[in-house]
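Visitor: Below is the file run34.txt, with compact mmCIF, C-alpha atoms and all ligand atoms.
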```txt
# COMPACT_ATOMS: atom_id res chain seq x y z
CA MET A 1 26.49 266.64 180.07
CA VAL A 2 23.31 266.45 182.09
CA PRO A 3 24.50 266.63 185.67
CA SER A 4 26.04 269.88 186.75
CA ASP A 5 26.92 268.60 190.19
CA GLY A 6 29.83 266.41 189.21
CA ARG A 7 27.95 263.14 188.96
CA VAL A 8 29.20 260.69 186.41
CA SER A 9 27.28 260.78 183.15
CA ARG A 10 24.94 257.83 182.99
CA CYS A 11 25.62 256.88 179.42
CA VAL A 12 29.31 256.19 179.88
CA ALA A 13 28.73 252.46 179.93
CA PHE A 14 25.84 250.05 179.58
CA PRO A 15 26.56 247.16 181.90
CA ALA A 16 22.92 246.24 182.02
CA ALA A 17 22.11 245.86 178.33
CA ALA A 18 18.94 243.84 178.03
CA GLU A 19 17.22 241.93 175.29
CA ASP A 20 14.01 243.42 174.01
CA ASN A 21 11.66 240.63 174.91
CA CYS A 22 8.72 242.99 174.85
CA LEU A 23 10.24 246.31 173.85
CA VAL A 24 8.89 248.44 171.05
CA PRO A 25 11.33 250.10 168.63
CA GLU A 26 11.84 253.79 169.34
CA LEU A 27 14.04 256.48 167.85
CA PRO A 28 17.45 254.86 168.52
CA GLU A 29 16.30 251.46 167.29
CA ILE A 30 14.77 252.93 164.13
CA GLU A 31 17.78 255.16 163.56
CA ILE A 32 20.27 252.29 163.75
CA THR A 33 18.10 250.23 161.44
CA ALA A 34 18.23 252.94 158.78
CA HIS A 35 21.89 253.68 159.46
CA LEU A 36 23.07 250.09 159.02
CA ILE A 37 20.84 248.98 156.17
CA GLU A 38 21.07 252.10 154.01
CA PRO A 39 24.63 251.67 152.71
CA ALA A 40 23.97 248.00 151.92
CA VAL A 41 20.93 248.62 149.73
CA THR A 42 21.51 252.05 148.23
CA GLY A 43 22.13 251.73 144.51
CA GLN A 44 20.58 248.30 144.27
CA VAL A 45 17.78 247.81 141.79
CA VAL A 46 14.48 246.45 143.04
CA GLY A 47 13.58 243.25 141.22
CA SER A 48 10.18 242.67 142.73
CA VAL A 49 8.04 243.76 145.65
CA ALA A 50 5.43 241.63 147.38
CA ALA A 51 3.28 242.10 150.45
CA PRO A 52 2.35 238.82 152.13
CA GLY A 53 0.92 240.81 155.05
CA LEU A 54 -2.82 241.06 154.51
CA ASN A 55 -3.21 244.48 156.04
CA THR A 56 0.30 245.81 155.68
CA ILE A 57 -0.13 248.13 152.72
CA LYS A 58 -2.28 251.12 153.56
CA THR A 59 -2.61 252.41 150.02
CA PHE A 60 -3.43 250.78 146.69
CA ARG A 61 -2.43 253.72 144.49
CA PRO A 62 0.24 253.98 143.50
CA PRO A 63 0.84 250.23 143.64
CA LEU A 64 3.96 248.77 145.25
CA GLN A 65 5.17 247.74 141.82
CA VAL A 66 6.10 251.34 140.95
CA LEU A 67 9.27 250.62 142.91
CA GLU A 68 10.29 247.74 140.64
CA ARG A 69 13.15 248.17 138.16
CA HIS A 70 14.35 251.28 139.95
CA GLU A 71 17.27 251.57 142.33
CA LEU A 72 16.92 252.39 146.00
CA THR A 73 18.44 255.75 146.82
CA GLY A 74 18.40 255.74 150.60
CA ILE A 75 16.72 254.89 153.90
CA ARG A 76 15.96 257.54 156.46
CA ARG A 77 14.03 258.01 159.67
CA ARG A 78 11.40 260.50 160.81
CA GLY A 79 10.12 259.99 164.33
CA LYS A 80 9.50 256.26 164.59
CA LEU A 81 8.92 255.90 160.86
CA LEU A 82 11.30 254.56 158.23
CA ILE A 83 11.34 256.03 154.73
CA VAL A 84 12.81 254.00 151.89
CA ASP A 85 13.53 256.25 148.92
CA SER A 86 13.65 255.03 145.35
CA GLY A 87 14.81 256.39 142.01
CA SER A 88 11.27 255.82 140.80
CA GLY A 89 10.24 259.10 142.37
CA PHE A 90 8.27 257.19 145.00
CA SER A 91 9.13 256.32 148.56
CA LEU A 92 7.96 253.67 150.94
CA LEU A 93 6.82 254.83 154.36
CA ILE A 94 7.12 252.07 156.98
CA HIS A 95 5.91 251.96 160.57
CA LEU A 96 7.18 248.98 162.54
CA MET A 97 4.56 249.50 165.26
CA SER A 98 5.24 247.31 168.28
CA ALA A 99 6.63 244.10 166.82
CA GLY A 100 7.88 244.93 163.32
CA ARG A 101 11.48 244.78 162.14
CA LEU A 102 13.11 245.83 158.89
CA GLN A 103 15.89 243.39 158.10
CA LEU A 104 18.16 242.62 155.16
CA PHE A 105 18.69 238.99 154.23
CA GLU A 106 20.98 237.32 151.74
CA ALA A 107 18.21 235.18 150.25
CA PRO A 108 14.45 235.36 149.75
CA ALA A 109 12.13 234.45 152.59
CA SER A 110 10.59 231.03 152.77
CA ALA A 111 7.01 231.01 151.54
CA THR A 112 6.04 229.58 154.91
CA ASP A 113 7.65 232.38 156.94
CA ARG A 114 4.67 233.79 158.79
CA THR A 115 6.58 236.89 159.90
CA SER A 116 6.88 238.25 156.34
CA ARG A 117 4.84 241.39 155.76
CA LEU A 118 6.65 243.11 152.91
CA LEU A 119 9.40 241.68 150.68
CA ILE A 120 11.65 243.82 148.50
CA ARG A 121 13.88 241.65 146.35
CA LEU A 122 17.09 243.28 145.14
CA ASP A 123 19.28 242.60 142.12
CA SER A 124 22.06 241.26 144.34
CA GLY A 125 19.78 238.45 145.45
CA GLN A 126 19.32 240.08 148.85
CA GLU A 127 15.91 240.78 150.26
CA LEU A 128 14.83 243.75 152.34
CA ARG A 129 12.13 242.35 154.52
CA LEU A 130 9.54 243.87 156.81
CA ARG A 131 8.82 241.20 159.39
CA GLU A 132 6.47 241.18 162.32
CA PHE A 133 6.56 238.93 165.33
CA GLY A 134 3.58 237.89 167.39
CA THR A 135 0.01 237.28 166.43
CA ARG A 136 -1.13 240.81 165.61
CA GLN A 137 -0.55 242.37 162.21
CA ARG A 138 -0.08 246.03 162.92
CA ALA A 139 3.08 247.06 161.08
CA TRP A 140 2.21 249.01 157.97
CA ALA A 141 3.66 250.58 154.85
CA LYS A 142 2.46 252.93 152.15
CA VAL A 143 3.82 254.27 148.88
CA ALA A 144 3.96 258.02 148.36
CA GLY A 145 5.68 260.37 145.97
CA THR A 146 9.10 261.18 147.40
CA GLY A 147 8.30 264.87 147.19
CA GLU A 148 5.04 264.29 149.02
CA VAL A 149 6.39 262.27 151.93
CA GLU A 150 7.08 265.29 154.07
CA VAL A 151 3.47 266.43 153.72
CA ASP A 152 2.00 263.01 154.37
CA ASP A 153 -0.53 263.07 157.19
CA TYR A 154 1.65 260.78 159.28
CA LEU A 155 4.61 263.11 159.10
CA THR A 156 2.99 266.52 159.27
CA GLY A 157 1.42 265.58 162.59
CA LEU A 158 4.77 264.80 164.17
CA GLY A 159 6.48 267.17 166.57
CA PRO A 160 10.16 268.11 166.29
CA GLU A 161 12.74 265.33 166.44
CA ALA A 162 13.93 264.34 169.91
CA TRP A 163 17.40 263.72 168.47
CA PRO A 164 19.94 265.00 167.53
CA ASP A 165 18.94 268.60 168.24
CA PRO A 166 15.56 268.98 169.90
CA PRO A 167 14.23 272.48 170.59
CA GLU A 168 13.95 273.93 174.06
CA LEU A 169 11.59 271.67 175.98
CA GLY A 170 10.10 274.20 178.38
CA PRO A 171 7.69 275.76 175.86
CA LEU A 172 7.11 272.41 174.17
CA LEU A 173 5.96 270.68 177.36
CA ASP A 174 4.13 273.64 178.89
CA SER A 175 0.86 271.88 179.70
CA PRO A 176 -0.82 270.21 182.70
CA ARG A 177 0.11 266.78 181.41
CA PRO A 178 2.67 264.66 183.27
CA LEU A 179 6.09 264.49 181.65
CA TYR A 180 5.70 260.75 181.22
CA THR A 181 2.72 261.34 178.96
CA ALA A 182 3.82 264.48 177.14
CA LEU A 183 7.24 263.14 176.18
CA ARG A 184 5.68 260.11 174.48
CA ASP A 185 3.18 262.18 172.54
CA GLN A 186 4.57 262.08 169.00
CA THR A 187 2.79 265.32 168.13
CA VAL A 188 4.76 267.09 170.87
CA ILE A 189 8.18 265.54 170.28
CA ALA A 190 8.92 262.68 167.91
CA GLY A 191 10.77 259.47 168.66
CA ILE A 192 10.38 258.73 172.39
CA GLY A 193 8.34 255.80 173.66
CA ARG A 194 7.80 253.82 176.82
CA ALA A 195 11.35 252.62 177.29
CA TRP A 196 13.35 255.74 176.55
CA VAL A 197 11.01 258.03 178.47
CA ASP A 198 11.85 256.09 181.63
CA GLU A 199 15.55 256.35 180.88
CA ILE A 200 15.47 260.04 180.00
CA LEU A 201 13.48 261.07 183.07
CA TRP A 202 15.74 259.00 185.30
CA THR A 203 18.84 260.56 183.78
CA ALA A 204 17.35 264.04 184.29
CA ARG A 205 16.27 263.07 187.83
CA LEU A 206 12.76 264.25 187.11
CA SER A 207 9.53 262.72 188.29
CA PRO A 208 7.45 261.12 185.56
CA PHE A 209 4.44 262.55 187.37
CA LYS A 210 5.64 266.16 187.26
CA ARG A 211 3.50 268.36 185.08
CA GLY A 212 5.17 269.95 182.10
CA GLU A 213 3.93 273.38 183.12
CA ASP A 214 5.71 273.03 186.45
CA LEU A 215 9.18 272.54 184.94
CA SER A 216 11.69 275.18 185.95
CA ALA A 217 14.02 276.54 183.28
CA ALA A 218 16.88 274.55 184.77
CA GLU A 219 14.81 271.37 184.81
CA ALA A 220 13.78 271.88 181.21
CA ASP A 221 17.43 272.31 180.27
CA SER A 222 18.37 269.13 182.14
CA LEU A 223 15.57 267.23 180.47
CA ARG A 224 16.65 268.34 177.02
CA ALA A 225 20.27 267.43 177.77
CA ALA A 226 19.22 264.05 179.14
CA THR A 227 17.14 263.41 176.03
CA VAL A 228 20.08 264.07 173.73
CA GLU A 229 22.52 262.21 175.98
CA ARG A 230 20.51 259.01 176.28
CA LEU A 231 19.30 258.79 172.69
CA ASP A 232 22.75 259.64 171.39
CA GLY A 233 24.33 257.15 173.78
CA ALA A 234 21.97 254.41 172.65
CA ILE A 235 22.67 255.01 168.97
CA HIS A 236 26.43 254.97 169.56
CA HIS A 237 26.06 251.81 171.63
CA TYR A 238 24.22 250.13 168.77
CA GLU A 239 26.86 251.34 166.30
CA ARG A 240 29.52 249.63 168.40
CA VAL A 241 27.82 246.31 168.96
CA LEU A 242 25.57 245.79 165.95
CA GLY A 243 26.14 245.00 162.29
CA LEU A 244 24.23 243.31 159.52
CA PRO A 245 22.25 241.20 159.67
CA LEU A 246 20.36 243.05 162.37
CA PRO A 247 19.15 240.67 165.05
CA HIS A 248 15.49 240.41 165.88
CA LYS A 249 16.24 241.28 169.49
CA LEU A 250 18.39 244.34 169.96
CA PRO A 251 20.75 244.81 172.94
CA TRP A 252 18.91 247.74 174.49
CA PRO A 253 21.20 249.73 176.81
CA LEU A 254 18.59 250.33 179.51
CA GLN A 255 19.28 251.23 183.11
CA VAL A 256 15.85 251.46 184.74
CA HIS A 257 13.16 250.46 182.26
CA HIS A 258 11.93 246.92 182.96
CA ARG A 259 14.13 246.84 186.05
CA GLU A 260 11.49 247.02 188.75
CA GLY A 261 12.79 245.70 192.05
CA GLU A 262 16.43 246.04 191.04
CA ALA A 263 18.85 248.50 192.58
CA CYS A 264 19.05 251.90 190.91
CA PRO A 265 22.44 251.99 189.10
CA SER A 266 22.99 255.47 190.46
CA CYS A 267 21.93 255.39 194.11
CA GLY A 268 21.04 251.79 194.93
CA THR A 269 17.42 252.50 195.86
CA THR A 270 14.96 249.87 194.68
CA ILE A 271 13.43 250.86 191.36
CA GLU A 272 9.66 251.25 191.53
CA ALA A 273 7.14 250.63 188.80
CA VAL A 274 3.66 251.64 187.76
CA HIS A 275 1.88 248.86 185.91
CA TYR A 276 -0.45 249.51 183.03
CA ARG A 277 -2.35 246.82 181.21
CA ASP A 278 0.26 246.43 178.48
CA TYR A 279 3.38 248.05 179.83
CA VAL A 280 5.21 249.28 182.85
CA MET A 281 6.78 252.58 183.87
CA CYS A 282 9.89 252.46 186.04
CA TYR A 283 11.57 255.15 188.11
CA CYS A 284 13.86 255.69 191.07
CA PRO A 285 11.79 257.01 193.99
CA ALA A 286 14.82 258.42 195.77
CA GLU A 287 16.12 260.49 192.88
CA GLN A 288 12.99 261.26 190.90
CA THR A 289 10.01 261.59 193.21
CA GLY A 290 11.60 262.75 196.42
CA GLY A 291 11.13 259.38 198.02
CA SER A 292 7.46 259.19 197.08
CA ARG A 293 6.00 256.15 195.45
CA SER A 294 3.49 256.71 192.71
CA ARG A 295 0.45 256.45 195.01
CA THR A 296 1.48 259.67 196.66
CA ALA A 297 3.16 261.29 193.70
CA GLY A 298 0.08 262.95 192.33
CA PHE A 299 -0.47 260.82 189.23
CA ARG A 300 -4.13 259.89 189.22
CA GLY A 301 -5.25 256.58 187.86
CA CYS A 302 -2.02 254.73 188.52
CA SER A 303 -0.78 252.60 191.32
CA SER A 304 2.62 251.58 192.51
CA SER A 305 4.09 248.15 191.98
CA SER A 306 2.38 246.96 195.14
CA GLY A 307 -1.06 248.07 194.02
CA ALA A 308 -3.68 247.18 191.47
CA VAL A 309 -3.20 247.37 187.72
CA PRO A 310 -4.74 250.53 186.30
CA GLU A 311 -6.38 250.85 182.95
CA ALA A 312 -4.15 251.28 179.94
CA ARG A 313 -4.12 254.75 178.49
CA ALA A 314 -4.55 255.79 174.92
CA GLU A 315 -1.38 255.86 172.89
CA PRO A 316 -0.05 259.21 171.75
CA ARG A 317 -0.80 259.88 168.10
CA PRO A 318 0.30 259.87 165.40
CA GLY A 319 3.09 257.38 165.15
CA HIS A 320 1.16 254.43 166.53
ZN ZN B 1 18.40 256.19 192.15
```
Translate this structure into structure tokens?
Ligand SMILES: [Zn+2]
Guide:
Amino acid sequence: MVPSDGRVSRCVAFPAAAEDNCLVPELPEIEITAHLIEPAVTGQVVGSVAAPGLNTIKTFRPPLQVLERHELTGIRRRGKLLIVDSGSGFSLLIHLMSAGRLQLFEAPASATDRTSRLLIRLDSGQELRLREFGTRQRAWAKVAGTGEVEVDDYLTGLGPEAWPDPPELGPLLDSPRPLYTALRDQTVIAGIGRAWVDEILWTARLSPFKRGEDLSAAEADSLRAATVERLDGAIHHYERVLGLPLPHKLPWPLQVHHREGEACPSCGTTIEAVHYRDYVMCYCPAEQTGGSRSRTAGFRGCSSSSGAVPEARAEPRPGH
């Protein structure tokens, strides 16, 4: 779909699926979570709700217990957020942040399970569990009226969905900011993070350092097509290989992200990286930056994989 020059589409196969040792859930990972768990829990009555996570619940009113004794009516996604709907008239808004996972288990969590942040016990005996791995407690949830979810501050600030049918990207990205930054800004377009931005830009053969305002119409079209192609391909990949229970580590179908020093799957050139304090950006210098490494690619404040580590940049908001 993306290439018009006869190249093979890059989402035909994923020979290089990788485990997400330090990957943060993005649109495809959130989407498959909702897609797989929803049919298993819809119609089940909530027996009890508890929040072992000290800082997990952002709101005290209404209390979590308004969900009890009512059936769940669905799970959906908006941007990187999950929304659990209930027949109570209230919904639960969940953000997994960097290390959270929403998983369905056949039995209640052990009281000593330190990953438990939010526990929703169902009448079948199953438990829908928000877990978080690592030392930081950042995943959060809040209760809101189902009719009010769409006007919640966290949702109204989000840009249009990156999948399945994003708008034309030329006007959306028309600013001096580099594509790498603008595409991850959830207020510009919702759902893309550090991993999928690398993949999308590589598929579109666009430099991460290129300014949005410098995109030609053809480039903007390619970028939109690459966005749909890669996110769609990832979701279909997950549909083929995943089922319940969802594993903690998903088989991300990545081609360039976290593959610094490896051969580009398309042209064989060594993949370059720009290191930030907490993450890394990867790209193919031959296909994306005209052979330039980042030091000469016009992206101030960053260095190539052979250089020093630059300061981390502020995360796009909201959604983080
Ligand atoms: Zn390449």
Visitor: If you count all atoms listed in the file, which residues fall within 12 Å of Arg77 (chain A), apart from same-chain ones fewer than 2 positions away, as a PyMOL selection string?
Guide: chain A and resi 26-35+37-38+74-75+79-85+92-96+149-150+155+161+163+190-191
Visitor: Distance CA of Phe60 (chain A)-CA of Ala141 (chain A), one decimal place?
Guide: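 Computing it gives 10.8 Å between the two atoms.
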Visitor: Rank nothing, just name the residue among A:Tyr180, A:Tyr283, A:Tyr238, A:Tyr276 nearest to Glu260 (chain A), using only C-alpha atoms.
Guide: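 Smallest separation from Glu260 (chain A) among the options: A:Tyr283.
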Visitor: Could you check the closest approach to Leu118 (chain A) for each of A:Leu250, A:Ile57, A:Ala218, A:Leu169 and tell me which residue wins, using only C-alpha atoms?
Guide: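 Of A:Leu250, A:Ile57, A:Ala218, A:Leu169, the one nearest Leu118 (chain A) is A:Ile57, counting only C-alpha atoms.
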Visitor: Would you name the residues within 9 Å of ligand ZN 1 (chain B), counting all atoms listed in the file, and put them as a compact mmCIF listing (two decimals) with C-alpha atoms, in the coordinates of the input?
Guide:
```
# COMPACT_ATOMS: atom_id res chain seq x y z
CA TRP A 202 15.74 259.00 185.30
CA ARG A 205 16.27 263.07 187.83
CA ALA A 263 18.85 248.50 192.58
CA CYS A 264 19.05 251.90 190.91
CA PRO A 265 22.44 251.99 189.10
CA SER A 266 22.99 255.47 190.46
CA CYS A 267 21.93 255.39 194.11
CA GLY A 268 21.04 251.79 194.93
CA THR A 269 17.42 252.50 195.86
CA THR A 270 14.96 249.87 194.68
CA ILE A 271 13.43 250.86 191.36
CA TYR A 283 11.57 255.15 188.11
CA CYS A 284 13.86 255.69 191.07
CA PRO A 285 11.79 257.01 193.99
CA ALA A 286 14.82 258.42 195.77
CA GLU A 287 16.12 260.49 192.88
CA GLN A 288 12.99 261.26 190.90
```
Visitor: At a cut-off of 10 Å around the point (-0.2, 243.2, 168.2) (file coordinates), what residues fall inside when counting all atoms listed in the file? I'd like the answer as a CSV table (one decimal) with C-alpha atoms, keeping the file's coordinate frame.
Guide:
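Printed below is result-v7.csv as written:
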```csv
chain,number,residue,atom,x,y,z
A,97,MET,CA,4.6,249.5,165.3
A,98,SER,CA,5.2,247.3,168.3
A,99,ALA,CA,6.6,244.1,166.8
A,100,GLY,CA,7.9,244.9,163.3
A,132,GLU,CA,6.5,241.2,162.3
A,133,PHE,CA,6.6,238.9,165.3
A,134,GLY,CA,3.6,237.9,167.4
A,135,THR,CA,0.0,237.3,166.4
A,136,ARG,CA,-1.1,240.8,165.6
A,137,GLN,CA,-0.6,242.4,162.2
A,138,ARG,CA,-0.1,246.0,162.9
A,139,ALA,CA,3.1,247.1,161.1
```
Visitor: Just to confirm, what's the straight-line distance from CA of Gln186 (chain A) to CA of Thr146 (chain A) in Å (one decimal)?
Guide: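 Value for the CA of Gln186 (chain A)-CA of Thr146 (chain A) distance: 22.1 Å.
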Visitor: Residues near Asp198 (chain A), anyone? I mean within 8 Å using all atoms listed in the file, not counting same-chain ones fewer than 5 positions away, as a list of chain:residue names.
Guide: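 Using all atoms listed in the file, the neighbours found are A:Tyr180, A:Pro208, A:Val256, A:His257, A:Met281, A:Cys282, A:Tyr283.
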Visitor: So, counting all atoms listed in the file, which residue among A:Val151, A:Leu158, A:Ala220, A:Leu130 is closest to Leu172 (chain A)?
Guide: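 Of all the options, A:Ala220 lies closest to Leu172 (chain A).
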Visitor: May I ask which of the residues A:Leu119, A:Ile200, A:Leu128, A:Val49 is the closest one to Leu254 (chain A), counting all atoms listed in the file?
Guide: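 Using all atoms listed in the file, the shortest distance to Leu254 (chain A) belongs to A:Ile200.
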Visitor: Can you tell me, as a PDB file with C-alpha atoms, in the coordinates of the input, what residues are no more than 8 Å from Gln65 (chain A) when counting all atoms listed in the file, ignoring any on the same chain fewer than 2 positions away?
Guide:
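Dumped to result.pdb:
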```pdb
ATOM      1  CA  SER A  48      10.180 242.670 142.730  1.00  0.00           C
ATOM      2  CA  VAL A  49       8.040 243.760 145.650  1.00  0.00           C
ATOM      3  CA  PRO A  63       0.840 250.230 143.640  1.00  0.00           C
ATOM      4  CA  LEU A  67       9.270 250.620 142.910  1.00  0.00           C
ATOM      5  CA  GLU A  68      10.290 247.740 140.640  1.00  0.00           C
TER       6      GLU A  68
END
```
Visitor: Between A:Ala195, A:Leu36, A:Leu223, A:Leu215, single out the one closest to Ile235 (chain A), counting all atoms listed in the file.
Guide: A:Leu36
Visitor: CA of Val274 (chain A) and CA of Ser175 (chain A), how far apart in Å?
Guide: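 Separating CA of Ser175 (chain A) from CA of Val274 (chain A) is a distance of 22.0 Å.
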Visitor: Find, counting only C-alpha atoms, the residue in A:Gly87, A:Gly290, A:Pro171, A:Gly159 that gets nearest to Ser216 (chain A).
Guide: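 Ranking A:Gly87, A:Gly290, A:Pro171, A:Gly159 by distance to Ser216 (chain A), first place goes to A:Pro171.
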Visitor: Need the shell around Gly125 (chain A): protein/DNA/RNA residues with any atom at most 12 Å away, counting all atoms listed in the file. Skip same-chain ones fewer than 3 positions apart. Format as a PyMOL selection string?
Guide: chain A and resi 41+44-48+104-109+120-122+128
